[in-house]
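File shown: final.json. Contents: JSON, C-alpha atoms.
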[["chain", "number", "residue", "atom", "x", "y", "z"],
["A", 996, "MET", "CA", -22.12, -9.10, -21.15],
["A", 997, "ASP", "CA", -23.14, -9.14, -17.50],
["A", 998, "SER", "CA", -26.47, -10.84, -18.31],
["A", 999, "PHE", "CA", -24.55, -13.95, -19.40],
["A", 1000, "LYS", "CA", -22.59, -14.24, -16.16],
["A", 1001, "THR", "CA", -23.44, -16.95, -13.67],
["A", 1002, "PRO", "CA", -24.75, -15.95, -10.23],
["A", 1003, "LEU", "CA", -21.40, -17.03, -8.78],
["A", 1004, "ARG", "CA", -19.43, -14.82, -11.15],
["A", 1005, "ARG", "CA", -21.69, -11.85, -10.43],
["A", 1006, "LYS", "CA", -21.14, -12.39, -6.71],
["A", 1007, "LEU", "CA", -17.38, -12.50, -7.23],
["A", 1008, "ASP", "CA", -17.49, -9.33, -9.30],
["A", 1009, "SER", "CA", -19.29, -7.55, -6.45],
["A", 1010, "LEU", "CA", -16.47, -8.23, -3.98],
["A", 1011, "GLU", "CA", -14.00, -5.59, -2.86],
["A", 1012, "CYS", "CA", -10.55, -7.06, -3.49],
["A", 1013, "HIS", "CA", -7.51, -6.92, -5.76],
["A", 1014, "PHE", "CA", -9.26, -8.95, -8.45],
["A", 1015, "THR", "CA", -12.02, -6.35, -8.82],
["A", 1016, "TRP", "CA", -10.07, -3.11, -8.33],
["A", 1017, "ASN", "CA", -8.92, -2.80, -11.97],
["A", 1018, "LEU", "CA", -5.37, -2.31, -10.83],
["A", 1019, "SER", "CA", -3.45, -2.57, -14.07],
["A", 1020, "GLY", "CA", -3.67, -4.05, -17.52],
["A", 1021, "SER", "CA", 0.10, -3.94, -17.81],
["A", 1022, "LYS", "CA", 2.49, -6.85, -17.52],
["A", 1023, "GLY", "CA", 5.47, -4.57, -17.95],
["A", 1024, "GLN", "CA", 8.65, -3.90, -16.07],
["A", 1025, "ARG", "CA", 7.05, -1.87, -13.29],
["A", 1026, "VAL", "CA", 4.67, -4.66, -12.28],
["A", 1027, "GLU", "CA", 7.51, -7.18, -12.36],
["A", 1028, "GLY", "CA", 9.61, -4.76, -10.29],
["A", 1029, "LEU", "CA", 6.78, -4.44, -7.80],
["A", 1030, "ARG", "CA", 6.65, -8.20, -7.49],
["A", 1031, "GLU", "CA", 10.38, -8.36, -6.75],
["A", 1032, "TYR", "CA", 10.06, -5.58, -4.18],
["A", 1033, "LEU", "CA", 7.14, -7.25, -2.40],
["A", 1034, "GLU", "CA", 8.96, -10.57, -2.27],
["A", 1035, "GLU", "CA", 12.03, -8.86, -0.82],
["A", 1036, "VAL", "CA", 10.06, -7.08, 1.91],
["A", 1037, "CYS", "CA", 8.02, -10.17, 2.81],
["A", 1038, "LYS", "CA", 11.16, -12.30, 2.93],
["A", 1039, "GLY", "CA", 12.60, -10.01, 5.59],
["A", 1040, "GLY", "CA", 9.67, -10.68, 7.95],
["A", 1041, "GLY", "CA", 8.45, -8.50, 10.78],
["A", 1042, "CYS", "CA", 6.68, -5.99, 8.53],
["A", 1043, "PRO", "CA", 3.41, -4.80, 10.14],
["A", 1044, "TRP", "CA", 1.79, -4.83, 6.68],
["A", 1045, "GLU", "CA", 2.99, -8.33, 5.82],
["A", 1046, "GLY", "CA", -0.52, -9.69, 5.35],
["A", 1047, "HIS", "CA", -1.53, -6.87, 3.02],
["A", 1048, "LEU", "CA", 1.69, -7.21, 1.03],
["A", 1049, "TYR", "CA", 1.14, -10.94, 0.56],
["A", 1050, "ASN", "CA", -2.41, -10.14, -0.56],
["A", 1051, "LEU", "CA", -1.09, -7.85, -3.28],
["A", 1052, "LEU", "CA", 1.73, -10.25, -4.14],
["A", 1053, "GLY", "CA", -0.75, -13.08, -4.68],
["A", 1054, "TYR", "CA", -2.75, -10.96, -7.09],
["A", 1055, "ILE", "CA", 0.35, -9.76, -8.97],
["A", 1056, "ILE", "CA", 1.67, -13.31, -9.36],
["A", 1057, "TYR", "CA", -1.64, -14.38, -10.86],
["A", 1058, "HIS", "CA", -1.71, -11.25, -13.02],
["A", 1059, "ILE", "CA", 1.79, -11.87, -14.41],
["A", 1060, "THR", "CA", 1.98, -15.66, -14.60],
["A", 1061, "ASP", "CA", -1.64, -16.86, -14.50],
["A", 1062, "SER", "CA", -0.43, -19.32, -11.85],
["A", 1063, "ALA", "CA", -3.39, -19.69, -9.51],
["A", 1064, "GLU", "CA", -1.51, -22.28, -7.43],
["A", 1065, "GLU", "CA", 1.36, -19.90, -6.64],
["A", 1066, "ALA", "CA", -1.08, -17.05, -6.04],
["A", 1067, "LEU", "CA", -3.01, -19.26, -3.61],
["A", 1068, "ALA", "CA", 0.18, -20.01, -1.66],
["A", 1069, "ARG", "CA", 0.84, -16.28, -1.20],
["A", 1070, "LEU", "CA", -2.74, -15.58, -0.20],
["A", 1071, "ARG", "CA", -2.56, -18.34, 2.41],
["A", 1072, "GLN", "CA", 0.56, -16.65, 3.79],
["A", 1073, "ALA", "CA", -1.43, -13.42, 3.90],
["A", 1074, "GLU", "CA", -4.23, -15.19, 5.75],
["A", 1075, "VAL", "CA", -1.83, -16.47, 8.43],
["A", 1076, "ALA", "CA", -0.19, -13.06, 8.87],
["A", 1077, "LEU", "CA", -3.53, -11.24, 9.10],
["A", 1078, "LYS", "CA", -4.98, -13.70, 11.61],
["A", 1079, "GLU", "CA", -1.98, -13.16, 13.85],
["A", 1080, "ARG", "CA", -2.86, -9.45, 14.02],
["A", 1081, "GLU", "CA", -6.50, -10.02, 14.92],
["A", 1082, "PRO", "CA", -7.23, -10.45, 18.66],
["A", 1083, "GLU", "CA", -9.59, -13.37, 18.04],
["A", 1084, "GLY", "CA", -7.97, -14.68, 14.88],
["A", 1085, "ARG", "CA", -10.52, -13.03, 12.63],
["A", 1086, "GLY", "CA", -11.61, -9.48, 11.97],
["A", 1087, "PRO", "CA", -12.13, -6.83, 9.28],
["A", 1088, "ARG", "CA", -8.53, -7.12, 8.07],
["A", 1089, "MET", "CA", -9.56, -10.51, 6.67],
["A", 1090, "LEU", "CA", -12.22, -9.13, 4.31],
["A", 1091, "VAL", "CA", -10.01, -8.47, 1.30],
["A", 1092, "ASN", "CA", -7.99, -11.64, 1.83],
["A", 1093, "GLN", "CA", -11.04, -13.91, 1.90],
["A", 1094, "ALA", "CA", -12.41, -12.21, -1.21],
["A", 1095, "ASN", "CA", -9.08, -12.76, -2.99],
["A", 1096, "LEU", "CA", -9.12, -16.41, -1.94],
["A", 1097, "ALA", "CA", -12.63, -16.81, -3.34],
["A", 1098, "TRP", "CA", -11.38, -15.57, -6.71],
["A", 1099, "VAL", "CA", -8.35, -17.87, -6.80],
["A", 1100, "HIS", "CA", -10.39, -20.94, -5.84],
["A", 1101, "TYR", "CA", -12.80, -19.96, -8.61],
["A", 1102, "HIS", "CA", -9.96, -19.82, -11.14],
["A", 1103, "LEU", "CA", -8.74, -23.22, -9.90],
["A", 1104, "GLY", "CA", -12.21, -24.68, -10.38],
["A", 1105, "GLU", "CA", -12.50, -25.37, -6.64],
["A", 1106, "LEU", "CA", -16.06, -24.15, -6.35],
["A", 1107, "PRO", "CA", -16.89, -25.53, -2.86],
["A", 1108, "LYS", "CA", -13.84, -23.69, -1.47],
["A", 1109, "CYS", "CA", -14.84, -20.59, -3.42],
["A", 1110, "HIS", "CA", -18.32, -20.68, -1.86],
["A", 1111, "ALA", "CA", -16.79, -21.20, 1.60],
["A", 1112, "CYS", "CA", -14.72, -18.04, 1.21],
["A", 1113, "LEU", "CA", -17.75, -16.09, 0.01],
["A", 1114, "GLU", "CA", -19.66, -17.24, 3.08],
["A", 1115, "GLU", "CA", -16.79, -16.11, 5.31],
["A", 1116, "VAL", "CA", -16.81, -12.68, 3.63],
["A", 1117, "ALA", "CA", -20.54, -12.42, 4.37],
["A", 1118, "ARG", "CA", -19.99, -13.40, 8.02],
["A", 1119, "LEU", "CA", -17.18, -10.88, 8.41],
["A", 1120, "GLN", "CA", -19.34, -8.13, 6.92],
["A", 1121, "GLU", "CA", -22.10, -9.01, 9.38],
["A", 1122, "ASP", "CA", -19.79, -9.23, 12.39],
["A", 1123, "PHE", "CA", -17.77, -6.12, 11.49],
["A", 1124, "PRO", "CA", -20.13, -3.76, 9.67],
["A", 1125, "ALA", "CA", -19.05, -0.53, 8.04],
["A", 1126, "PRO", "CA", -19.52, 2.52, 10.29],
["A", 1127, "PRO", "CA", -22.28, 5.05, 9.57],
["A", 1128, "GLY", "CA", -21.60, 7.10, 6.46],
["A", 1129, "CYS", "CA", -19.30, 4.48, 4.93],
["A", 1130, "GLU", "CA", -20.20, 1.88, 2.35],
["A", 1131, "LEU", "CA", -17.12, -0.20, 3.20],
["A", 1132, "HIS", "CA", -15.22, -0.95, 6.39],
["A", 1133, "PRO", "CA", -12.26, 1.44, 6.93],
["A", 1134, "GLU", "CA", -9.90, -1.54, 6.71],
["A", 1135, "VAL", "CA", -11.10, -2.18, 3.16],
["A", 1136, "TYR", "CA", -10.84, 1.49, 2.17],
["A", 1137, "GLY", "CA", -7.36, 1.62, 3.68],
["A", 1138, "GLU", "CA", -6.03, -1.52, 2.01],
["A", 1139, "LYS", "CA", -7.55, -0.41, -1.28],
["A", 1140, "GLY", "CA", -5.83, 2.97, -0.97],
["A", 1141, "TRP", "CA", -2.42, 1.51, -0.11],
["A", 1142, "THR", "CA", -2.76, -0.88, -3.05],
["A", 1143, "GLN", "CA", -3.81, 1.76, -5.58],
["A", 1144, "ILE", "CA", -0.97, 4.06, -4.60],
["A", 1145, "LYS", "CA", 1.54, 1.55, -5.98],
["A", 1146, "PHE", "CA", 0.14, 1.82, -9.51],
["A", 1147, "GLU", "CA", -0.42, 4.51, -12.13],
["A", 1148, "HIS", "CA", -1.56, 8.10, -11.61],
["A", 1149, "ASP", "CA", -5.30, 7.49, -12.06],
["A", 1150, "LEU", "CA", -5.26, 4.85, -9.34],
["A", 1151, "LYS", "CA", -3.21, 7.09, -7.05],
["A", 1152, "THR", "CA", -5.96, 9.71, -7.47],
["A", 1153, "GLN", "CA", -8.56, 7.13, -6.42],
["A", 1154, "ALA", "CA", -6.37, 6.30, -3.42],
["A", 1155, "VAL", "CA", -6.87, 9.85, -2.11],
["A", 1156, "THR", "CA", -10.62, 9.29, -2.01],
["A", 1157, "ASN", "CA", -10.28, 5.89, -0.35],
["A", 1158, "PHE", "CA", -8.04, 7.23, 2.40],
["A", 1159, "GLU", "CA", -10.49, 10.07, 3.00],
["A", 1160, "MET", "CA", -13.26, 7.50, 3.38],
["A", 1161, "ALA", "CA", -11.10, 5.37, 5.69],
["A", 1162, "LEU", "CA", -10.56, 8.42, 7.89],
["A", 1163, "ARG", "CA", -14.26, 9.20, 7.88],
["A", 1164, "GLY", "CA", -14.86, 5.81, 9.47],
["A", 1165, "ASP", "CA", -11.73, 5.76, 11.65],
["A", 1166, "PRO", "CA", -10.47, 9.34, 12.07],
["A", 1167, "ASP", "CA", -7.67, 8.58, 14.54],
["A", 1168, "ARG", "CA", -5.95, 5.82, 12.56],
["A", 1169, "LYS", "CA", -2.38, 6.90, 11.90],
["A", 1170, "GLU", "CA", -2.02, 4.59, 8.88],
["A", 1171, "TRP", "CA", -4.87, 6.33, 7.08],
["A", 1172, "HIS", "CA", -3.43, 9.78, 7.84],
["A", 1173, "ALA", "CA", -0.09, 8.61, 6.42],
["A", 1174, "GLY", "CA", -1.81, 7.14, 3.37],
["A", 1175, "LEU", "CA", -3.74, 10.32, 2.63],
["A", 1176, "ALA", "CA", -0.64, 12.50, 3.00],
["A", 1177, "PHE", "CA", 1.39, 10.18, 0.79],
["A", 1178, "ALA", "CA", -1.29, 9.92, -1.89],
["A", 1179, "LYS", "CA", -1.84, 13.68, -2.04],
["A", 1180, "TYR", "CA", 1.90, 14.26, -2.25],
["A", 1181, "LYS", "CA", 2.27, 11.81, -5.14],
["A", 1182, "VAL", "CA", -0.77, 13.08, -7.03],
["A", 1183, "TYR", "CA", -0.86, 16.82, -6.42],
["A", 1184, "PHE", "CA", 2.39, 18.19, -5.03],
["A", 1185, "ASP", "CA", 4.36, 18.73, -8.24],
["A", 1186, "SER", "CA", 1.43, 20.29, -10.07],
["A", 1187, "GLY", "CA", -0.19, 22.08, -7.17],
["A", 1188, "ASN", "CA", -0.22, 25.77, -6.32],
["A", 1189, "ASP", "CA", 1.58, 27.17, -3.29],
["A", 1190, "GLU", "CA", -1.50, 26.91, -1.08],
["A", 1191, "LEU", "CA", -2.04, 23.25, -1.94],
["A", 1192, "LYS", "CA", 1.64, 22.48, -1.38],
["A", 1193, "GLU", "CA", 1.46, 24.03, 2.09],
["A", 1194, "GLU", "CA", -1.64, 21.95, 2.84],
["A", 1195, "ILE", "CA", 0.16, 18.77, 1.80],
["A", 1196, "ILE", "CA", 3.23, 19.68, 3.87],
["A", 1197, "GLU", "CA", 0.99, 20.12, 6.91],
["A", 1198, "GLN", "CA", -0.60, 16.73, 6.25],
["A", 1199, "LEU", "CA", 2.84, 15.14, 6.02],
["A", 1200, "LYS", "CA", 3.84, 16.84, 9.26],
["A", 1201, "ARG", "CA", 0.68, 15.57, 10.99],
["A", 1202, "ALA", "CA", 1.32, 12.04, 9.73],
["A", 1203, "LYS", "CA", 4.95, 11.95, 10.87],
["A", 1204, "THR", "CA", 3.98, 13.42, 14.25],
["A", 1205, "MET", "CA", 1.33, 10.74, 14.74],
["A", 1206, "ASP", "CA", 3.82, 8.02, 13.80],
["A", 1207, "PRO", "CA", 7.43, 9.07, 14.53],
["A", 1208, "ASP", "CA", 8.67, 5.62, 13.46],
["A", 1209, "ASN", "CA", 7.30, 6.04, 9.94],
["A", 1210, "LEU", "CA", 10.50, 6.86, 8.06],
["A", 1211, "ARG", "CA", 8.69, 7.44, 4.79],
["A", 1212, "MET", "CA", 6.57, 10.24, 6.27],
["A", 1213, "SER", "CA", 9.63, 11.85, 7.83],
["A", 1214, "THR", "CA", 11.42, 11.64, 4.50],
["A", 1215, "LEU", "CA", 8.56, 13.04, 2.44],
["A", 1216, "TYR", "CA", 8.16, 15.91, 4.88],
["A", 1217, "LEU", "CA", 11.82, 16.82, 4.29],
["A", 1218, "VAL", "CA", 11.48, 16.44, 0.52],
["A", 1219, "ALA", "CA", 8.36, 18.61, 0.38],
["A", 1220, "SER", "CA", 9.82, 21.24, 2.70],
["A", 1221, "ALA", "CA", 12.99, 21.48, 0.64],
["A", 1222, "ALA", "CA", 10.95, 21.78, -2.56],
["A", 1223, "VAL", "CA", 9.37, 25.01, -1.29],
["A", 1224, "GLY", "CA", 12.70, 26.46, -0.20],
["A", 1225, "ARG", "CA", 12.94, 25.23, 3.37],
["A", 1226, "LYS", "CA", 16.21, 23.40, 2.85],
["A", 1227, "THR", "CA", 18.46, 24.15, 5.78],
["A", 1228, "GLU", "CA", 21.49, 22.58, 7.39],
["A", 1229, "GLU", "CA", 19.11, 21.13, 9.97],
["A", 1230, "THR", "CA", 16.94, 19.40, 7.36],
["A", 1231, "THR", "CA", 20.03, 18.08, 5.58],
["A", 1232, "ASN", "CA", 21.37, 16.67, 8.86],
["A", 1233, "GLU", "CA", 17.98, 15.11, 9.57],
["A", 1234, "ALA", "CA", 18.00, 13.52, 6.11],
["A", 1235, "GLU", "CA", 21.47, 12.08, 6.74],
["A", 1236, "HIS", "CA", 20.21, 10.65, 10.03],
["A", 1237, "LEU", "CA", 17.22, 9.08, 8.28],
["A", 1238, "LEU", "CA", 19.49, 7.63, 5.63],
["A", 1239, "GLN", "CA", 21.34, 5.67, 8.29],
["A", 1240, "GLN", "CA", 18.08, 4.21, 9.60],
["A", 1241, "ILE", "CA", 16.61, 3.07, 6.28],
["A", 1242, "LYS", "CA", 17.55, -0.40, 5.12],
["A", 1243, "PRO", "CA", 17.41, -1.71, 1.54],
["A", 1244, "GLY", "CA", 13.84, -2.71, 0.79],
["A", 1245, "CYS", "CA", 12.44, -0.21, 3.27],
["A", 1246, "ASP", "CA", 9.70, 2.24, 2.32],
["A", 1247, "GLY", "CA", 11.05, 5.72, 1.74],
["A", 1248, "LEU", "CA", 14.41, 4.78, 0.24],
["A", 1249, "GLY", "CA", 13.56, 6.17, -3.19],
["A", 1250, "ASP", "CA", 12.37, 9.43, -1.65],
["A", 1251, "LEU", "CA", 15.68, 9.87, 0.16],
["A", 1252, "PHE", "CA", 17.47, 9.27, -3.13],
["A", 1253, "HIS", "CA", 15.35, 12.08, -4.54],
["A", 1254, "PHE", "CA", 16.13, 14.37, -1.62],
["A", 1255, "PHE", "CA", 19.88, 14.02, -1.99],
["A", 1256, "ARG", "CA", 20.12, 13.75, -5.76],
["A", 1257, "ASN", "CA", 17.64, 16.33, -6.99],
["A", 1258, "ILE", "CA", 17.18, 18.81, -4.15],
["A", 1259, "THR", "CA", 20.30, 19.09, -2.03],
["A", 1260, "ALA", "CA", 22.85, 17.58, -4.47],
["A", 1261, "LEU", "CA", 24.52, 16.35, -1.29],
["A", 1262, "TRP", "CA", 25.60, 12.74, -0.94],
["A", 1263, "LEU", "CA", 27.24, 10.90, 1.88],
["A", 1264, "VAL", "CA", 30.59, 9.44, 0.98],
["A", 1265, "PRO", "CA", 30.28, 5.77, -0.04],
["A", 1266, "ALA", "CA", 31.74, 4.47, 3.22],
["A", 1267, "GLU", "CA", 28.93, 6.19, 5.16],
["A", 1268, "ARG", "CA", 26.07, 4.85, 3.05],
["A", 1269, "PRO", "CA", 24.07, 1.90, 4.35],
["A", 1270, "ARG", "CA", 25.17, -1.31, 2.67],
["A", 1271, "GLY", "CA", 23.10, -2.06, -0.41],
["A", 1272, "LEU", "CA", 21.89, 1.52, -0.80],
["A", 1273, "MET", "CA", 23.42, 2.17, -4.19],
["A", 1274, "SER", "CA", 22.57, -1.27, -5.54],
["A", 1275, "SER", "CA", 18.86, -0.96, -4.79],
["A", 1276, "PRO", "CA", 16.85, 0.44, -7.74],
["A", 1277, "PRO", "CA", 15.11, 3.61, -6.47],
["A", 1278, "HIS", "CA", 11.95, 3.05, -8.54],
["A", 1279, "LEU", "CA", 11.07, 0.00, -6.49],
["A", 1280, "TYR", "CA", 10.59, 2.10, -3.39],
["A", 1281, "SER", "CA", 8.59, 4.99, -4.81]]

For this file, produce the structure as structure tokens.
Amino acid sequence: MDSFKTPLRRKLDSLECHFTWNLSGSKGQRVEGLREYLEEVCKGGGCPWEGHLYNLLGYIIYHITDSAEEALARLRQAEVALKEREPEGRGPRMLVNQANLAWVHYHLGELPKCHACLEEVARLQEDFPAPPGCELHPEVYGEKGWTQIKFEHDLKTQAVTNFEMALRGDPDRKEWHAGLAFAKYKVYFDSGNDELKEEIIEQLKRAKTMDPDNLRMSTLYLVASAAVGRKTEETTNEAEHLLQQIKPGCDGLGDLFHFFRNITALWLVPAERPRGLMSSPPHLYS
């Protein structure tokens, strides 16, 4: 019961981070597959979301193995990557990371370090407050949404709300537009009516227009358009072009598999496929 918790534990429970987001009670194949995928992407380097991916990887490692030491190593890698993306070496991107670190130090019994992380979270919240109308900073809403979208349907549904809140606080952020379009597609497209499908297609179009380099948004726009009967030679050619750009381990690969296998039934001949395409399990990229 909550009344038996120590003040420290209650403070930890109040944090916004992977350890409090009720991500999954499963230790099954999908979570293990997600771990392998995250390690593959992080190993490649250069990913703009490297810090966030290491954050999630640290949590998953603890969730699967109960190894706080290994989780701590990943969270420290996240801390380094996130600091590199902050102009002054600290900023709102650090909020979730420092909260995660507080939890891991707590599990390791390193209470002074746990308290130090909690104090840093408090300083970050003071220095980078949430905008009017938002309980959390948009960076927290956004990272929470991108995390939830990797898990089961109920969490994907929550991701929609978190991306909407992120956009309320930061309406021009292309990553939040992409997140909202992606979450709505995953949650509602297959079961939605024609009007809702058209709304989602427009959101995907807006997201890919705002970020032309986002291959996943370009891919999902093609998939959704084909699903409502807009499959043309032009869209097929565009999909083939995208297929040449996507590397194994890249977001959107599973969606291109879906486009070719289930919608167009058109495949490039093996010699034209990017190396590693057929050996990469599609479920890791969805």

Q.
Can you measure CA of Asp1185 (chain A) to CA of Met1205 (chain A) for me? One decimal in Å is fine.
A.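 One can read the CA of Asp1185 (chain A) to CA of Met1205 (chain A) distance as 24.5 Å.
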
Q.
Considering all atoms listed in the file, can you say which of A:Leu1238, A:Ala1111, A:Ala1154, A:Cys1042 comes closest to Arg1211 (chain A)?
A.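 Ranking A:Leu1238, A:Ala1111, A:Ala1154, A:Cys1042 by distance to Arg1211 (chain A), first place goes to A:Leu1238.
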
**Q.** Distance criterion (only C-alpha atoms): nearest to Lys1139 (chain A) out of A:Ala1125, A:Cys1012, A:Leu1033, A:Leu1113
**A.**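 Under the stated criterion, the closest residue is A:Cys1012.
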
Q. When distances are computed from only C-alpha atoms, which of A:Pro1207, A:Phe999, A:Leu1048, A:Ala1063 shows the smallest separation from Glu1105 (chain A)?
A. A:Ala1063

Using only C-alpha atoms, tabulate the residues of region 1119-1217 of chain A lying at most 12 Å from any atom of region 1073-1092 of chain A, each with its closest atom pair and that distance in Å to one decimal, by chain and increasing residue number, as JSON lines.
{"residue": "A:Leu1119", "atom": "CA", "partner": "A:Pro1087", "partner_atom": "CA", "distance": 6.5}
{"residue": "A:Gln1120", "atom": "CA", "partner": "A:Leu1090", "partner_atom": "CA", "distance": 7.6}
{"residue": "A:Glu1121", "atom": "CA", "partner": "A:Pro1087", "partner_atom": "CA", "distance": 10.2}
{"residue": "A:Asp1122", "atom": "CA", "partner": "A:Gly1086", "partner_atom": "CA", "distance": 8.2}
{"residue": "A:Phe1123", "atom": "CA", "partner": "A:Pro1087", "partner_atom": "CA", "distance": 6.1}
{"residue": "A:Pro1124", "atom": "CA", "partner": "A:Pro1087", "partner_atom": "CA", "distance": 8.6}
{"residue": "A:Ala1125", "atom": "CA", "partner": "A:Pro1087", "partner_atom": "CA", "distance": 9.4}
{"residue": "A:Pro1126", "atom": "CA", "partner": "A:Pro1087", "partner_atom": "CA", "distance": 12.0}
{"residue": "A:Leu1131", "atom": "CA", "partner": "A:Leu1090", "partner_atom": "CA", "distance": 10.2}
{"residue": "A:His1132", "atom": "CA", "partner": "A:Pro1087", "partner_atom": "CA", "distance": 7.2}
{"residue": "A:Pro1133", "atom": "CA", "partner": "A:Pro1087", "partner_atom": "CA", "distance": 8.6}
{"residue": "A:Glu1134", "atom": "CA", "partner": "A:Arg1088", "partner_atom": "CA", "distance": 5.9}
{"residue": "A:Val1135", "atom": "CA", "partner": "A:Val1091", "partner_atom": "CA", "distance": 6.6}
{"residue": "A:Tyr1136", "atom": "CA", "partner": "A:Val1091", "partner_atom": "CA", "distance": 10.0}
{"residue": "A:Gly1137", "atom": "CA", "partner": "A:Arg1088", "partner_atom": "CA", "distance": 9.9}
{"residue": "A:Glu1138", "atom": "CA", "partner": "A:Val1091", "partner_atom": "CA", "distance": 8.0}
{"residue": "A:Lys1139", "atom": "CA", "partner": "A:Val1091", "partner_atom": "CA", "distance": 8.8}
{"residue": "A:Thr1142", "atom": "CA", "partner": "A:Val1091", "partner_atom": "CA", "distance": 11.4}

Would you list the residues near (0.2, -14.4, -6.4) (no more than 7 Å away, in the coordinates of the file, using all atoms listed in the file) as a tab-separated table (two decimals) with C-alpha atoms, keeping the file's coordinate frame?
chain	number	residue	atom	x	y	z
A	1052	LEU	CA	1.73	-10.25	-4.14
A	1053	GLY	CA	-0.75	-13.08	-4.68
A	1054	TYR	CA	-2.75	-10.96	-7.09
A	1055	ILE	CA	0.35	-9.76	-8.97
A	1056	ILE	CA	1.67	-13.31	-9.36
A	1057	TYR	CA	-1.64	-14.38	-10.86
A	1065	GLU	CA	1.36	-19.90	-6.64
A	1066	ALA	CA	-1.08	-17.05	-6.04
A	1067	LEU	CA	-3.01	-19.26	-3.61
A	1069	ARG	CA	0.84	-16.28	-1.20
A	1070	LEU	CA	-2.74	-15.58	-0.20

Q | Selected residue of minimal separation from Glu1147 (chain A) among A:Met1160, A:Ala1178, A:Ala1219, A:Ile1196, counting all atoms listed in the file | A |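 Closest to Glu1147 (chain A) of all the choices is A:Ala1178.
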
Q: Would you kindly return, as a PyMOL selection string, each protein, DNA or RNA residue with an atom no farther than 10 Å from any atom of Ala1094 (chain A), considering all atoms listed in the file and excluding same-chain residues fewer than 5 positions away?
A: chain A and resi 1007-1015+1089+1099+1109+1112-1117

Q. When you draw a straight line from CA of Lys1181 (chain A) to CA of Leu1199 (chain A), how long is it in Å?
A.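 Atom-to-atom, CA of Lys1181 (chain A) and CA of Leu1199 (chain A) are spaced 11.7 Å apart.
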
**Q.** Residue contacts of Phe1177 (chain A) (12 Å, all atoms listed in the file) excluding same-chain residues fewer than 3 positions away, as number ranges by chain
**A.** A: 1140-1141, 1143-1145, 1151-1152, 1154-1155, 1158, 1170-1174, 1180-1184, 1195-1203, 1209, 1211-1216, 1218-1219, 1246-1247, 1250, 1281

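We find CA of Ser1019 (chain A) and CA of Glu1064 (chain A) to be spaced 20.9 Å apart.
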
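Nearest residue to Arg1030 (chain A), choosing from A:Glu1190, A:Thr1060, A:Thr1001, A:Asn1017 and counting only C-alpha atoms: A:Thr1060.
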